[in-house]
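Chemist: Input structure: data36.csv, which contains CSV, C-alpha atoms.
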chain,number,residue,atom,x,y,z
A,19,MET,CA,14.8,12.5,18.1
A,20,ASN,CA,16.0,13.0,14.5
A,21,LYS,CA,13.1,12.3,12.1
A,22,PHE,CA,15.2,10.0,10.0
A,23,MET,CA,16.2,8.0,13.0
A,24,ALA,CA,12.6,7.8,14.1
A,25,ALA,CA,11.7,6.5,10.7
A,26,ALA,CA,14.3,3.9,10.8
A,27,ILE,CA,13.2,2.7,14.3
A,28,GLY,CA,9.6,2.7,13.0
A,29,ALA,CA,10.7,0.5,10.1
A,30,ALA,CA,12.4,-1.9,12.4
A,31,ALA,CA,9.2,-2.3,14.3
A,32,LEU,CA,7.3,-3.4,11.3
A,33,PRO,CA,6.3,-7.0,10.8
A,34,VAL,CA,8.9,-9.2,9.1
A,35,LEU,CA,7.3,-10.6,5.9
A,36,ALA,CA,8.3,-14.1,4.9
A,37,LEU,CA,7.6,-15.5,1.5
A,38,PRO,CA,8.4,-19.0,0.2
A,39,THR,CA,12.0,-19.0,-1.0
A,40,ALA,CA,11.2,-19.9,-4.6
A,41,ALA,CA,8.7,-17.1,-5.0
A,42,ALA,CA,11.1,-14.5,-3.5
A,43,ALA,CA,13.9,-15.7,-5.8
A,44,GLN,CA,11.8,-15.3,-8.9
A,45,CYS,CA,10.9,-11.6,-8.3
A,46,GLY,CA,14.2,-10.0,-9.2
A,47,GLU,CA,14.4,-6.4,-10.3
A,48,VAL,CA,11.1,-4.3,-10.4
A,49,VAL,CA,11.1,-0.8,-11.9
A,50,MET,CA,8.4,1.4,-10.4
A,51,THR,CA,7.5,5.0,-10.9
A,52,GLU,CA,8.0,7.7,-8.4
A,53,MET,CA,5.7,10.4,-9.7
A,54,ASN,CA,6.2,14.1,-9.0
A,55,TRP,CA,3.3,14.5,-6.6
A,56,LYS,CA,3.0,13.5,-2.9
A,57,SER,CA,0.1,11.0,-2.9
A,58,SER,CA,1.9,8.9,-5.6
A,59,GLN,CA,5.1,9.1,-3.7
A,60,VAL,CA,3.4,7.8,-0.6
A,61,VAL,CA,1.8,4.9,-2.5
A,62,THR,CA,5.1,4.1,-4.1
A,63,ALA,CA,7.0,4.1,-0.8
A,64,VAL,CA,4.4,1.7,0.8
A,65,ALA,CA,4.5,-0.6,-2.2
A,66,GLU,CA,8.3,-0.6,-2.2
A,67,PHE,CA,8.5,-1.8,1.4
A,68,VAL,CA,6.1,-4.7,0.9
A,69,LEU,CA,7.5,-5.7,-2.5
A,70,GLU,CA,11.1,-5.7,-1.1
A,71,GLN,CA,10.4,-7.1,2.4
A,72,GLY,CA,7.6,-9.5,1.5
A,73,TYR,CA,8.3,-10.5,-2.0
A,74,GLY,CA,12.0,-10.3,-2.2
A,75,CYS,CA,11.9,-7.8,-5.1
A,76,ASP,CA,14.8,-5.5,-5.9
A,77,VAL,CA,12.8,-2.3,-6.5
A,78,LYS,CA,14.3,0.4,-8.6
A,79,MET,CA,12.6,3.8,-8.6
A,80,VAL,CA,12.3,6.0,-11.7
A,81,ALA,CA,11.2,9.7,-11.4
A,82,SER,CA,8.4,10.3,-13.9
A,83,SER,CA,5.0,11.8,-14.5
A,84,THR,CA,1.9,10.7,-16.3
A,85,VAL,CA,2.7,11.1,-20.0
A,86,PRO,CA,6.4,10.3,-19.9
A,87,ALA,CA,5.7,7.1,-17.9
A,88,LEU,CA,3.3,5.7,-20.4
A,89,ALA,CA,5.6,6.7,-23.3
A,90,SER,CA,8.4,4.8,-21.7
A,91,VAL,CA,6.3,1.7,-21.2
A,92,ALA,CA,5.2,1.9,-24.9
A,93,GLU,CA,8.8,2.3,-26.1
A,94,THR,CA,10.9,0.2,-23.7
A,95,GLY,CA,8.4,-1.9,-21.6
A,96,LYS,CA,9.6,-0.2,-18.5
A,97,PRO,CA,8.6,0.8,-15.8
A,98,ASP,CA,7.0,-2.4,-14.7
A,99,ILE,CA,4.6,-0.6,-12.3
A,100,VAL,CA,2.9,2.8,-12.6
A,101,THR,CA,1.6,3.2,-9.1
A,102,GLU,CA,-0.7,6.2,-9.5
A,103,LEU,CA,-2.0,7.0,-13.0
A,104,TRP,CA,-4.6,9.7,-13.4
A,105,ILE,CA,-6.1,8.4,-16.6
A,106,ASN,CA,-7.9,11.6,-17.4
A,107,GLY,CA,-4.5,13.0,-18.2
A,108,ALA,CA,-3.2,9.9,-20.0
A,109,PRO,CA,-4.6,10.0,-23.6
A,110,THR,CA,-2.7,6.8,-24.6
A,111,TYR,CA,-4.0,4.7,-21.7
A,112,GLY,CA,-7.0,3.2,-23.5
A,113,ALA,CA,-5.1,2.3,-26.7
A,114,MET,CA,-2.2,0.8,-24.7
A,115,GLN,CA,-4.6,-1.4,-22.7
A,116,GLU,CA,-6.4,-2.5,-25.8
A,117,ALA,CA,-3.1,-3.3,-27.5
A,118,GLY,CA,-2.2,-5.6,-24.5
A,119,LYS,CA,0.8,-3.6,-23.4
A,120,ILE,CA,-0.6,-2.8,-19.9
A,121,GLU,CA,-2.9,-4.3,-17.4
A,122,THR,CA,-5.0,-2.3,-15.0
A,123,LEU,CA,-4.8,-3.7,-11.5
A,124,THR,CA,-6.9,-1.5,-9.3
A,125,ASP,CA,-8.3,2.0,-8.4
A,126,VAL,CA,-5.4,3.0,-6.2
A,127,LEU,CA,-7.6,5.9,-5.0
A,128,SER,CA,-10.8,4.0,-4.5
A,129,ASP,CA,-13.1,7.0,-4.7
A,130,GLY,CA,-11.0,8.7,-7.4
A,131,GLY,CA,-9.4,12.1,-7.6
A,132,ILE,CA,-11.7,15.0,-6.8
A,133,GLU,CA,-11.8,18.6,-7.7
A,134,GLY,CA,-14.4,21.4,-7.4
A,135,TRP,CA,-15.5,24.4,-5.5
A,136,TRP,CA,-15.3,24.5,-1.7
A,137,ILE,CA,-16.1,26.6,1.4
A,138,PRO,CA,-15.0,26.0,5.0
A,139,GLN,CA,-17.3,23.8,7.0
A,140,TYR,CA,-17.5,26.5,9.7
A,141,VAL,CA,-19.1,28.9,7.2
A,142,VAL,CA,-21.8,26.3,6.5
A,143,ASP,CA,-22.3,25.6,10.2
A,144,ALA,CA,-22.9,29.3,10.8
A,145,HIS,CA,-24.8,30.0,7.6
A,146,PRO,CA,-26.6,26.9,6.3
A,147,GLU,CA,-27.8,28.9,3.3
A,148,ALA,CA,-24.1,29.0,2.1
A,149,ALA,CA,-24.1,25.3,1.5
A,150,THR,CA,-25.4,25.6,-2.0
A,151,LEU,CA,-24.3,27.6,-5.1
A,152,GLU,CA,-27.7,29.3,-5.2
A,153,GLY,CA,-27.3,30.4,-1.6
A,154,ILE,CA,-23.8,31.8,-2.2
A,155,LEU,CA,-25.0,33.7,-5.3
A,156,ALA,CA,-27.8,35.2,-3.2
A,157,ASN,CA,-25.6,36.0,-0.2
A,158,PRO,CA,-22.1,36.6,-1.6
A,159,GLU,CA,-21.0,38.4,1.5
A,160,LEU,CA,-21.0,35.1,3.3
A,161,VAL,CA,-18.0,34.0,1.2
A,162,GLY,CA,-16.3,37.3,1.3
A,163,ASN,CA,-17.5,38.4,-2.1
A,164,ARG,CA,-14.5,36.5,-3.6
A,165,PHE,CA,-13.8,33.3,-5.6
A,166,HIS,CA,-10.2,32.0,-5.3
A,167,GLN,CA,-9.1,31.0,-8.8
A,168,CYS,CA,-6.3,28.7,-10.0
A,169,PRO,CA,-3.0,30.2,-11.3
A,170,GLU,CA,-2.8,31.2,-14.9
A,171,GLY,CA,-2.0,28.3,-17.2
A,172,TRP,CA,-3.5,25.6,-15.0
A,173,GLY,CA,-6.2,23.5,-16.7
A,174,CYS,CA,-8.6,24.3,-13.8
A,175,GLN,CA,-8.1,28.0,-14.5
A,176,ARG,CA,-9.8,27.7,-17.9
A,177,ALA,CA,-12.5,25.4,-16.5
A,178,ASN,CA,-13.3,27.6,-13.5
A,179,ALA,CA,-13.5,30.7,-15.8
A,180,SER,CA,-16.1,29.0,-17.9
A,181,LYS,CA,-18.0,27.5,-15.0
A,182,GLY,CA,-17.9,30.9,-13.2
A,183,GLU,CA,-19.3,32.6,-16.2
A,184,ALA,CA,-22.1,30.1,-16.5
A,185,ALA,CA,-22.9,30.4,-12.8
A,186,GLY,CA,-22.9,34.2,-12.9
A,187,LEU,CA,-20.3,34.7,-10.2
A,188,GLU,CA,-19.3,38.3,-11.2
A,189,GLU,CA,-22.9,39.3,-11.8
A,190,ALA,CA,-23.6,38.3,-8.2
A,191,GLY,CA,-20.9,40.6,-7.0
A,192,ILE,CA,-18.2,37.9,-6.5
A,193,GLU,CA,-14.7,39.0,-7.5
A,194,ILE,CA,-12.5,36.4,-9.3
A,195,PHE,CA,-9.2,36.5,-7.5
A,196,GLN,CA,-6.5,34.6,-9.5
A,197,HIS,CA,-3.7,33.2,-7.4
A,198,GLY,CA,-0.1,33.3,-8.7
A,199,SER,CA,0.8,29.8,-7.5
A,200,GLY,CA,-0.6,26.7,-5.9
A,201,GLU,CA,1.3,27.7,-2.8
A,202,THR,CA,-0.6,31.0,-2.4
A,203,LEU,CA,-3.9,29.2,-3.1
A,204,ALA,CA,-3.2,26.7,-0.3
A,205,ALA,CA,-2.0,29.5,2.0
A,206,SER,CA,-5.2,31.4,1.5
A,207,ILE,CA,-7.2,28.5,2.9
A,208,ALA,CA,-4.8,28.1,5.8
A,209,SER,CA,-5.1,31.8,6.6
A,210,ALA,CA,-8.9,31.7,6.4
A,211,PHE,CA,-9.1,28.8,8.9
A,212,GLN,CA,-6.6,30.4,11.2
A,213,ASN,CA,-8.8,33.5,11.4
A,214,GLU,CA,-12.2,31.8,10.8
A,215,GLU,CA,-12.8,34.0,7.8
A,216,PRO,CA,-14.9,33.3,4.7
A,217,TRP,CA,-13.3,31.5,1.8
A,218,PHE,CA,-14.7,30.3,-1.5
A,219,GLY,CA,-12.8,28.8,-4.4
A,220,TYR,CA,-11.3,25.8,-6.2
A,221,TYR,CA,-9.3,23.0,-4.7
A,222,TRP,CA,-8.7,19.3,-5.3
A,223,GLY,CA,-7.8,16.1,-3.5
A,224,PRO,CA,-6.3,14.1,-2.3
A,225,THR,CA,-4.2,16.8,-0.7
A,226,ALA,CA,-2.9,17.8,2.7
A,227,ILE,CA,-5.2,20.8,2.7
A,228,LEU,CA,-8.3,18.7,2.5
A,229,GLY,CA,-6.8,16.5,5.2
A,230,LYS,CA,-6.1,19.4,7.6
A,231,TYR,CA,-9.1,21.6,7.0
A,232,PRO,CA,-12.8,20.5,7.1
A,233,MET,CA,-14.3,21.8,3.8
A,234,HIS,CA,-17.7,21.6,2.3
A,235,LYS,CA,-17.9,20.9,-1.4
A,236,ILE,CA,-20.4,23.1,-3.4
A,237,SER,CA,-22.4,21.1,-5.9
A,238,LEU,CA,-22.3,22.5,-9.5
A,239,GLY,CA,-25.1,20.1,-10.6
A,240,GLU,CA,-24.8,17.0,-12.6
A,241,TYR,CA,-21.7,16.1,-14.5
A,242,ASN,CA,-22.1,16.7,-18.2
A,243,GLU,CA,-19.1,15.5,-20.2
A,244,GLU,CA,-19.9,17.7,-23.2
A,245,ILE,CA,-20.2,20.9,-21.1
A,246,HIS,CA,-17.1,20.1,-19.0
A,247,MET,CA,-14.9,19.3,-22.0
A,248,CYS,CA,-16.1,22.6,-23.5
A,249,ASP,CA,-15.1,24.3,-20.2
A,250,THR,CA,-11.5,23.2,-20.7
A,251,ASP,CA,-11.3,24.1,-24.4
A,252,PRO,CA,-10.6,27.8,-25.0
A,253,GLU,CA,-11.8,27.5,-28.6
A,254,CYS,CA,-15.2,26.0,-27.7
A,255,PRO,CA,-17.9,28.4,-29.0
A,256,THR,CA,-20.3,27.5,-26.2
A,257,ARG,CA,-18.0,28.0,-23.2
A,258,GLY,CA,-19.7,29.6,-20.3
A,259,GLN,CA,-23.1,28.7,-21.4
A,260,GLY,CA,-23.7,25.6,-19.3
A,261,LEU,CA,-22.8,24.5,-15.8
A,262,SER,CA,-21.3,21.0,-15.1
A,263,GLU,CA,-19.8,19.5,-12.0
A,264,TYR,CA,-16.1,18.4,-12.3
A,265,PRO,CA,-15.8,14.7,-13.0
A,266,VAL,CA,-14.3,12.3,-10.5
A,267,GLY,CA,-10.9,11.4,-11.9
A,268,PRO,CA,-10.2,7.6,-12.1
A,269,VAL,CA,-6.8,6.9,-10.6
A,270,LYS,CA,-5.3,3.5,-11.4
A,271,THR,CA,-2.4,1.3,-10.7
A,272,ILE,CA,-1.2,-0.3,-14.0
A,273,VAL,CA,1.5,-2.8,-14.7
A,274,THR,CA,3.0,-4.1,-17.9
A,275,THR,CA,1.4,-7.2,-19.2
A,276,THR,CA,4.8,-8.9,-19.0
A,277,PHE,CA,5.1,-8.1,-15.3
A,278,ALA,CA,1.5,-9.4,-14.6
A,279,GLU,CA,2.3,-12.6,-16.3
A,280,GLU,CA,5.8,-13.2,-14.8
A,281,GLN,CA,5.1,-11.9,-11.3
A,282,PRO,CA,1.5,-12.9,-10.5
A,283,GLN,CA,2.0,-12.8,-6.7
A,284,ALA,CA,3.5,-9.3,-6.6
A,285,ALA,CA,0.8,-8.2,-9.1
A,286,ALA,CA,-1.9,-9.7,-6.8
A,287,PHE,CA,-0.6,-7.6,-3.9
A,288,MET,CA,-0.6,-4.4,-6.0
A,289,SER,CA,-4.2,-5.2,-7.1
A,290,LYS,CA,-5.2,-4.8,-3.4
A,291,LEU,CA,-3.3,-1.7,-2.5
A,292,SER,CA,-5.8,1.1,-2.4
A,293,PHE,CA,-6.6,4.2,-0.3
A,294,THR,CA,-9.7,6.3,0.1
A,295,ASN,CA,-9.4,10.0,-0.3
A,296,ASP,CA,-9.9,10.5,3.4
A,297,GLN,CA,-7.1,8.1,4.2
A,298,MET,CA,-4.7,9.7,1.7
A,299,ASN,CA,-5.7,13.2,2.8
A,300,GLY,CA,-4.9,12.2,6.4
A,301,LEU,CA,-1.5,10.9,5.4
A,302,LEU,CA,-0.7,14.0,3.4
A,303,ALA,CA,-1.7,16.2,6.3
A,304,TRP,CA,0.5,14.2,8.6
A,305,MET,CA,3.4,14.7,6.1
A,306,ASP,CA,2.8,18.4,6.0
A,307,GLU,CA,2.5,18.8,9.8
A,308,ASN,CA,5.6,16.8,10.5
A,309,GLU,CA,7.6,18.1,7.5
A,310,ALA,CA,8.1,14.5,6.6
A,311,THR,CA,9.2,12.7,3.5
A,312,ALA,CA,7.1,10.2,1.6
A,313,GLU,CA,9.3,7.4,3.1
A,314,GLU,CA,8.6,8.6,6.6
A,315,ALA,CA,4.9,8.9,5.8
A,316,ALA,CA,5.0,5.3,4.6
A,317,VAL,CA,6.6,4.2,7.9
A,318,HIS,CA,3.9,6.1,9.8
A,319,PHE,CA,1.2,4.4,7.8
A,320,LEU,CA,2.7,0.9,8.0
A,321,THR,CA,3.2,1.1,11.8
A,322,THR,CA,-0.3,2.6,12.5
A,323,GLU,CA,-2.5,0.9,10.0
A,324,LYS,CA,-1.2,-2.7,10.1
A,325,ASP,CA,-4.7,-4.3,9.8
A,326,LEU,CA,-5.4,-2.3,6.6
A,327,TRP,CA,-2.2,-3.0,4.7
A,328,MET,CA,-1.9,-6.6,5.9
A,329,SER,CA,-5.3,-7.2,4.3
A,330,TRP,CA,-3.8,-6.3,1.0
A,331,ILE,CA,-1.4,-9.3,1.1
A,332,PRO,CA,-2.9,-12.6,-0.1
A,333,GLU,CA,-2.6,-15.1,2.7
A,334,GLU,CA,-1.4,-17.8,0.4
A,335,ASP,CA,1.5,-15.7,-0.6
A,336,VAL,CA,2.8,-14.0,2.5
A,337,LYS,CA,2.6,-14.6,6.2
A,338,ALA,CA,3.5,-12.0,8.8
A,339,THR,CA,5.8,-12.7,11.8
A,340,LEU,CA,4.7,-9.9,14.1
A,341,GLY,CA,7.1,-10.4,17.0
A,342,GLY,CA,6.4,-8.3,20.1
A,343,PHE,CA,5.8,-5.0,18.4
A,344,PHE,CA,2.0,-5.2,17.9
Could you rewrite the structure in this file as structure tokens?

Modeler:
Amino acid sequence: MNKFMAAAIGAAALPVLALPTAAAAQCGEVVMTEMNWKSSQVVTAVAEFVLEQGYGCDVKMVASSTVPALASVAETGKPDIVTELWINGAPTYGAMQEAGKIETLTDVLSDGGIEGWWIPQYVVDAHPEAATLEGILANPELVGNRFHQCPEGWGCQRANASKGEAAGLEEAGIEIFQHGSGETLAASIASAFQNEEPWFGYYWGPTAILGKYPMHKISLGEYNEEIHMCDTDPECPTRGQGLSEYPVGPVKTIVTTTFAEEQPQAAAFMSKLSFTNDQMNGLLAWMDENEATAEEAAVHFLTTEKDLWMSWIPEEDVKATLGGFF
């Protein structure tokens, strides 16, 4: 069966959401971001379905990314909804919130975005001493004497270089292997798992990789903001002289204050829409394995996780007519 036909059939099997006529009529056009990364695209596709089918909104998508989305809100008051804003990369976020231009509704990734150093779980199972940085430094052969580094120009490349210097990776006999692209970095993990070979390096989530492959995160100690910020600044005079864990990245859904005031019911739904990293990793892995679009992933989620997403809809606003499909 064609994937697109399957998606359409799946969508037809979803609950019909009925909202009081007056509330539906009031929604009108809603402009929402479609960011250029997959987790945001899935969040947006799920939100689009419920806003249109449940709240009668006419959702218009706008392709964007973090900084341009906030700049557009500041200048034009649109988009109404930014579904997945990584505020660590949004320097104007705090000022815009203080100025009353935006309202933060929720942590759309409830446990935040994560990044750090990882090894395959099967390596830890076979060699428990490899579960810690100290154990890896003492036994570098257990991780193949190699650290898989981010591509040149990525922020994580600078941070890893500083953290690696502070940890003493090269002194321990661990080669720093810099990948040329995110694709080759991901492929190196897939290849290691296929052959059950050692692997040690940087990765982040939520991603399909962490959904498909069981990985063990290596602790780099306590998070120290001063040290980590120095890691990312090539001009910092004390780079490489202290070791800090990566911070958990807050990931928010924000709306314009106008939207929150004019569409309180839709805003109430968006304030509930939230995924854990494990949930999103699993969805992204499903997308990858099925070569699916974000819209198809949304249909898959909506048809298999009804209890979860129905819990996001305030009972006083929307009732579900389930028919015979569930």

Chemist: Within 12 Å of A:Thr101, counting only C-alpha atoms, which residues qualify if same-chain residues fewer than 6 places away don't, as a PDB file with C-alpha atoms, in the coordinates of the input?

Modeler:
ATOM      1  CA  VAL A  49      11.100  -0.800 -11.900  1.00  0.00           C
ATOM      2  CA  MET A  50       8.400   1.400 -10.400  1.00  0.00           C
ATOM      3  CA  THR A  51       7.500   5.000 -10.900  1.00  0.00           C
ATOM      4  CA  GLU A  52       8.000   7.700  -8.400  1.00  0.00           C
ATOM      5  CA  MET A  53       5.700  10.400  -9.700  1.00  0.00           C
ATOM      6  CA  ASN A  54       6.200  14.100  -9.000  1.00  0.00           C
ATOM      7  CA  TRP A  55       3.300  14.500  -6.600  1.00  0.00           C
ATOM      8  CA  SER A  57       0.100  11.000  -2.900  1.00  0.00           C
ATOM      9  CA  SER A  58       1.900   8.900  -5.600  1.00  0.00           C
ATOM     10  CA  GLN A  59       5.100   9.100  -3.700  1.00  0.00           C
ATOM     11  CA  VAL A  60       3.400   7.800  -0.600  1.00  0.00           C
ATOM     12  CA  VAL A  61       1.800   4.900  -2.500  1.00  0.00           C
ATOM     13  CA  THR A  62       5.100   4.100  -4.100  1.00  0.00           C
ATOM     14  CA  ALA A  63       7.000   4.100  -0.800  1.00  0.00           C
ATOM     15  CA  VAL A  64       4.400   1.700   0.800  1.00  0.00           C
ATOM     16  CA  ALA A  65       4.500  -0.600  -2.200  1.00  0.00           C
ATOM     17  CA  GLU A  66       8.300  -0.600  -2.200  1.00  0.00           C
ATOM     18  CA  MET A  79      12.600   3.800  -8.600  1.00  0.00           C
ATOM     19  CA  VAL A  80      12.300   6.000 -11.700  1.00  0.00           C
ATOM     20  CA  ALA A  81      11.200   9.700 -11.400  1.00  0.00           C
ATOM     21  CA  SER A  82       8.400  10.300 -13.900  1.00  0.00           C
ATOM     22  CA  SER A  83       5.000  11.800 -14.500  1.00  0.00           C
ATOM     23  CA  THR A  84       1.900  10.700 -16.300  1.00  0.00           C
ATOM     24  CA  ALA A  87       5.700   7.100 -17.900  1.00  0.00           C
ATOM     25  CA  LEU A  88       3.300   5.700 -20.400  1.00  0.00           C
ATOM     26  CA  THR A 122      -5.000  -2.300 -15.000  1.00  0.00           C
ATOM     27  CA  LEU A 123      -4.800  -3.700 -11.500  1.00  0.00           C
ATOM     28  CA  THR A 124      -6.900  -1.500  -9.300  1.00  0.00           C
ATOM     29  CA  ASP A 125      -8.300   2.000  -8.400  1.00  0.00           C
ATOM     30  CA  VAL A 126      -5.400   3.000  -6.200  1.00  0.00           C
ATOM     31  CA  LEU A 127      -7.600   5.900  -5.000  1.00  0.00           C
ATOM     32  CA  VAL A 269      -6.800   6.900 -10.600  1.00  0.00           C
ATOM     33  CA  LYS A 270      -5.300   3.500 -11.400  1.00  0.00           C
ATOM     34  CA  THR A 271      -2.400   1.300 -10.700  1.00  0.00           C
ATOM     35  CA  ILE A 272      -1.200  -0.300 -14.000  1.00  0.00           C
ATOM     36  CA  VAL A 273       1.500  -2.800 -14.700  1.00  0.00           C
ATOM     37  CA  THR A 274       3.000  -4.100 -17.900  1.00  0.00           C
ATOM     38  CA  ALA A 285       0.800  -8.200  -9.100  1.00  0.00           C
ATOM     39  CA  MET A 288      -0.600  -4.400  -6.000  1.00  0.00           C
ATOM     40  CA  SER A 289      -4.200  -5.200  -7.100  1.00  0.00           C
ATOM     41  CA  LYS A 290      -5.200  -4.800  -3.400  1.00  0.00           C
ATOM     42  CA  LEU A 291      -3.300  -1.700  -2.500  1.00  0.00           C
ATOM     43  CA  SER A 292      -5.800   1.100  -2.400  1.00  0.00           C
TER      44      SER A 292
END

Chemist: Need to verify the contact set: stretch 74-77 of chain A, 7 Å, only C-alpha atoms, exclusion of same-chain residues closer than 2 positions in sequence. Can you return it as a ChimeraX atom specification?

Modeler: /A:42-43,45-50,66,69-72,79

Chemist: Taking (0.5, -3.7, -25.1) in the file's own coordinates, collect the residues within 9 Å, counting only C-alpha atoms, and hand them back as a PDB file with C-alpha atoms, in the frame of the given file.

Modeler:
ATOM      1  CA  VAL A  91       6.300   1.700 -21.200  1.00  0.00           C
ATOM      2  CA  ALA A  92       5.200   1.900 -24.900  1.00  0.00           C
ATOM      3  CA  GLY A  95       8.400  -1.900 -21.600  1.00  0.00           C
ATOM      4  CA  ALA A 113      -5.100   2.300 -26.700  1.00  0.00           C
ATOM      5  CA  MET A 114      -2.200   0.800 -24.700  1.00  0.00           C
ATOM      6  CA  GLN A 115      -4.600  -1.400 -22.700  1.00  0.00           C
ATOM      7  CA  GLU A 116      -6.400  -2.500 -25.800  1.00  0.00           C
ATOM      8  CA  ALA A 117      -3.100  -3.300 -27.500  1.00  0.00           C
ATOM      9  CA  GLY A 118      -2.200  -5.600 -24.500  1.00  0.00           C
ATOM     10  CA  LYS A 119       0.800  -3.600 -23.400  1.00  0.00           C
ATOM     11  CA  ILE A 120      -0.600  -2.800 -19.900  1.00  0.00           C
ATOM     12  CA  GLU A 121      -2.900  -4.300 -17.400  1.00  0.00           C
ATOM     13  CA  THR A 274       3.000  -4.100 -17.900  1.00  0.00           C
ATOM     14  CA  THR A 275       1.400  -7.200 -19.200  1.00  0.00           C
TER      15      THR A 275
END

Chemist: Against stretch 308-319 of chain A, which residues of stretch 190-302 of chain A fall within 12 Å? For each one I want the closest pair of atoms and the distance in Å (one decimal), counting all atoms listed in the file, rows by chain and increasing residue number, as JSON lines.

Modeler:
{"residue": "A:Ala226", "atom": "CA", "partner": "A:Glu309", "partner_atom": "CA", "distance": 11.5}
{"residue": "A:Phe293", "atom": "CA", "partner": "A:Phe319", "partner_atom": "CA", "distance": 11.2}
{"residue": "A:Gln297", "atom": "CA", "partner": "A:Phe319", "partner_atom": "CA", "distance": 9.8}
{"residue": "A:Met298", "atom": "CA", "partner": "A:Phe319", "partner_atom": "CA", "distance": 10.0}
{"residue": "A:Asn299", "atom": "CA", "partner": "A:Ala315", "partner_atom": "CA", "distance": 11.8}
{"residue": "A:Gly300", "atom": "CA", "partner": "A:Phe319", "partner_atom": "CA", "distance": 10.0}
{"residue": "A:Leu301", "atom": "CA", "partner": "A:Ala315", "partner_atom": "CA", "distance": 6.7}
{"residue": "A:Leu302", "atom": "CA", "partner": "A:Ala315", "partner_atom": "CA", "distance": 7.9}

Chemist: Have a look at atom CA of A:Asn295 and atom CA of A:Val266 and let me know their distance in Å, one decimal.

Modeler: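 Atom-to-atom, atom CA of A:Asn295 to atom CA of A:Val266, that is 11.5 Å.
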
Chemist: Quick one: of A:Ser206, A:Gln167, A:Gly267, A:Gly260, who's nearest to A:Asn106, counting all atoms listed in the file?

Modeler: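 Distance minimum relative to A:Asn106 lands on A:Gly267.
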
Chemist: Which residues come within 8 Å of stretch 170-176 of chain A, counting all atoms listed in the file, excluding same-chain residues fewer than 5 positions away, as a VMD selection string?

Modeler: chain A and resid 196 to 198 249 to 252

Chemist: Can you write just those residues out, C-alpha atoms, as an mmCIF file, in the coordinates of the input?

Modeler:
data_model
loop_
_atom_site.group_PDB
_atom_site.id
_atom_site.type_symbol
_atom_site.label_atom_id
_atom_site.label_comp_id
_atom_site.auth_asym_id
_atom_site.auth_seq_id
_atom_site.Cartn_x
_atom_site.Cartn_y
_atom_site.Cartn_z
ATOM 1 C CA GLN A 196 -6.500 34.600 -9.500
ATOM 2 C CA HIS A 197 -3.700 33.200 -7.400
ATOM 3 C CA GLY A 198 -0.100 33.300 -8.700
ATOM 4 C CA ASP A 249 -15.100 24.300 -20.200
ATOM 5 C CA THR A 250 -11.500 23.200 -20.700
ATOM 6 C CA ASP A 251 -11.300 24.100 -24.400
ATOM 7 C CA PRO A 252 -10.600 27.800 -25.000
#

Chemist: Can you work out which one of A:Lys324, A:His246, A:Lys96, A:Lys56 has the shortest atom-to-atom distance to A:Lys181, counting all atoms listed in the file?

Modeler: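 Counting all atoms listed in the file, the residue closest to A:Lys181 is A:His246.
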
Chemist: Between atom CA of A:Gly219 and atom CA of A:Phe165, what distance in Å does the model show, to one decimal?

Modeler: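 Between atom CA of A:Gly219 and atom CA of A:Phe165 the gap is 4.8 Å.
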
Chemist: Which is closest to A:Lys235 among A:Ala205, A:Ala149, A:Val68, A:Ala89, if we use all atoms listed in the file?

Modeler: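 That would be A:Ala149, the residue with the smallest distance to A:Lys235.
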
Chemist: Which neighbours of A:Glu201 fall inside 12 Å, counting only C-alpha atoms, when residues of the same chain fewer than 5 positions from it are skipped, and could you give them as an MDAnalysis selection string?

Modeler: chainID A and resid 168:169 206:208 221 227

Chemist: Have a look at atom CA of A:Thr294 and atom CA of A:Gly130 and let me know their distance in Å, one decimal.

Modeler: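 Value for the atom CA of A:Thr294-atom CA of A:Gly130 distance: 8.0 Å.
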
Chemist: Counting all atoms listed in the file, figure out which residue out of A:Ser90, A:Asn157, A:Asn163, A:Ser180 gets nearest to A:Cys254.

Modeler: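 Looking at the shortest contact to A:Cys254, the residue is A:Ser180.
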
Chemist: Find the residues around A:Glu214 up to 12 Å (all atoms listed in the file counted), leave out those fewer than 5 positions away in its own chain, and share them as a CSV table (one decimal) with C-alpha atoms, keeping the file's coordinate frame.

Modeler:
chain,number,residue,atom,x,y,z
A,137,ILE,CA,-16.1,26.6,1.4
A,138,PRO,CA,-15.0,26.0,5.0
A,139,GLN,CA,-17.3,23.8,7.0
A,140,TYR,CA,-17.5,26.5,9.7
A,141,VAL,CA,-19.1,28.9,7.2
A,142,VAL,CA,-21.8,26.3,6.5
A,143,ASP,CA,-22.3,25.6,10.2
A,144,ALA,CA,-22.9,29.3,10.8
A,161,VAL,CA,-18.0,34.0,1.2
A,162,GLY,CA,-16.3,37.3,1.3
A,206,SER,CA,-5.2,31.4,1.5
A,207,ILE,CA,-7.2,28.5,2.9
A,208,ALA,CA,-4.8,28.1,5.8
A,209,SER,CA,-5.1,31.8,6.6
A,231,TYR,CA,-9.1,21.6,7.0
A,232,PRO,CA,-12.8,20.5,7.1

Chemist: Between A:Leu160, A:Ile236, A:Met247, A:Ala204, which is the closest to A:Pro216 once you count only C-alpha atoms?

Modeler: A:Leu160

Chemist: Select, from A:Pro86, A:Gly134, A:Pro109, A:Gly229, the residue with the minimum atom-to-atom distance to A:Gly182, counting all atoms listed in the file.

Modeler: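 Residue with the minimum atom-to-atom distance to A:Gly182: A:Gly134.
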